[in-house]
Amino acid sequence: GMRGADVVHFTSASSSIVDAHILDDLVAPTPDEIQDWELIYHTLTDDGYLIFEASRSLKTSDTFDRVFHDDSDIYVTDHRLISAWGSSEFLYYHGSNRVQSSIQLFNGGDGSTGAGLDYQNFLDEMSKRSEGSGVMALSNYRIPERKTTYYEECFENENLFSSAKRWIIGYEFIIKPESKKYMHHMVVYGMSDGCTGDYFQENPIIAWTPGED
């Protein structure tokens, strides 16, 4: 959600831009004492889209401003961005008008990675580096009506890959859209003793929580 977010918002009624932040409460953004964003351009298209362009230093002296770090390296986390909009003249609660995604903002110096959607960059990288893939999927699992349910399933290595010697260089969680609202988290463990071991004695290797996709 927007708790803890660094915010820049544009208001069409006044054609103004505001550098702001949100702390721990779901309230309207609080303007920063230091306004670091500069409005460059804005327009309302004929088909009803409001577009604005603004600029800011990658790193400022304001403690409420997050740093835009160089995320061109594949091992550096991309920027997680959220956006919201509304049709009212002034700033108002957005309701369901919101989106979120992970975006790579910087191009790789060697041209190996390009700015854009994190997911597309992931697919491009996997197509270049991977020798294959395996799928761990539940078959027709029915989510119980109980409020909290933990479910575990083990997959043998030989059922996932053609050879015992494989290295994970990337992963993707695939969740049906209609099931996502019921999911709290998923954790994948590497079992040194196979499916007979106790996963509480193992180290998790990958995990998913809402907002990580």
# chains A, B, ... in the order shown; residues from 1 in each chain; ligands from 1
>>> closest_atom_pairs(of="region 49-71 of chain A", to="region 2-20 of chain A", cutoff="7 Å", atoms="only C-alpha atoms", output="JSON lines")
{"residue": "A:Phe64", "atom": "CA", "partner": "A:Asp6", "partner_atom": "CA", "distance": 6.5}
{"residue": "A:Asp65", "atom": "CA", "partner": "A:Asp6", "partner_atom": "CA", "distance": 5.9}
{"residue": "A:Arg66", "atom": "CA", "partner": "A:Asp6", "partner_atom": "CA", "distance": 6.3}
>>> write_last_selection(atoms="N, CA, C and O atoms", output="PDB file, in the first residue's frame")
ATOM      1  N   PHE A  64      12.604  12.544   3.615  1.00  0.00           N
ATOM      2  CA  PHE A  64      11.393  11.890   3.130  1.00  0.00           C
ATOM      3  C   PHE A  64      11.491  11.483   1.657  1.00  0.00           C
ATOM      4  O   PHE A  64      10.580  10.837   1.141  1.00  0.00           O
ATOM      5  N   ASP A  65      12.559  11.884   0.992  1.00  0.00           N
ATOM      6  CA  ASP A  65      12.748  11.522  -0.412  1.00  0.00           C
ATOM      7  C   ASP A  65      13.555  10.231  -0.509  1.00  0.00           C
ATOM      8  O   ASP A  65      14.661  10.129   0.043  1.00  0.00           O
ATOM      9  N   ARG A  66      13.028   9.267  -1.224  1.00  0.00           N
ATOM     10  CA  ARG A  66      13.768   8.032  -1.475  1.00  0.00           C
ATOM     11  C   ARG A  66      14.790   8.261  -2.586  1.00  0.00           C
ATOM     12  O   ARG A  66      14.568   9.043  -3.506  1.00  0.00           O
TER      13      ARG A  66
END
>>> residues_around(residues="Tyr141 (chain A)", least_positions_apart="3", cutoff="12 Å", atoms="only C-alpha atoms", output="VMD selection string")
chain A and resid 137 to 138 144 151 to 153 176 179
>>> residues_around(residues="Ser101 (chain A)", least_positions_apart="6", cutoff="7 Å", atoms="only C-alpha atoms", output="PDB file with N, CA and C atoms, in the first residue's frame")
ATOM      1  N   ARG A  80      10.271  -0.213  -7.004  1.00  0.00           N
ATOM      2  CA  ARG A  80       8.851  -0.541  -6.868  1.00  0.00           C
ATOM      3  C   ARG A  80       8.052   0.757  -6.858  1.00  0.00           C
ATOM      4  N   LEU A  81       7.185   0.904  -7.849  1.00  0.00           N
ATOM      5  CA  LEU A  81       6.417   2.131  -8.006  1.00  0.00           C
ATOM      6  C   LEU A  81       4.928   1.837  -7.899  1.00  0.00           C
ATOM      7  N   ILE A  82       4.206   2.804  -7.343  1.00  0.00           N
ATOM      8  CA  ILE A  82       2.747   2.724  -7.276  1.00  0.00           C
ATOM      9  C   ILE A  82       2.181   4.009  -7.867  1.00  0.00           C
TER      10      ILE A  82
END
>>> select_by_dssp(residues="region 120-207 of chain A", states="strand (DSSP E or B)", output="PyMOL selection string")
chain A and resi 186-189+204-207
>>> write_last_selection(atoms="C-alpha atoms", output="PDB file, in the first residue's frame")
ATOM      1  CA  MET A 186       4.632 -18.737   0.014  1.00  0.00           C
ATOM      2  CA  VAL A 187       8.066 -20.058   0.939  1.00  0.00           C
ATOM      3  CA  VAL A 188      10.224 -22.495  -1.036  1.00  0.00           C
ATOM      4  CA  TYR A 189      12.782 -24.567   0.868  1.00  0.00           C
ATOM      5  CA  PRO A 204      14.319 -20.905   2.718  1.00  0.00           C
ATOM      6  CA  ILE A 205      15.617 -20.089  -0.745  1.00  0.00           C
ATOM      7  CA  ILE A 206      12.797 -17.971  -2.237  1.00  0.00           C
ATOM      8  CA  ALA A 207       9.583 -16.446  -0.916  1.00  0.00           C
TER       9      ALA A 207
END
>>> residues_around(residues="Ala54 (chain A)", least_positions_apart="5", cutoff="6 Å", atoms="only C-alpha atoms", output="ChimeraX atom specification")
/A:38-40
>>> atom_distance(atom1="CA of Ser127 (chain A)", atom2="CA of Glu178 (chain A)")
28.3 Å
>>> closest_residue(among="A:Gly170, A:Leu44, A:Phe106, A:Asp24", to="Leu58 (chain A)", atoms="only C-alpha atoms")
A:Phe106
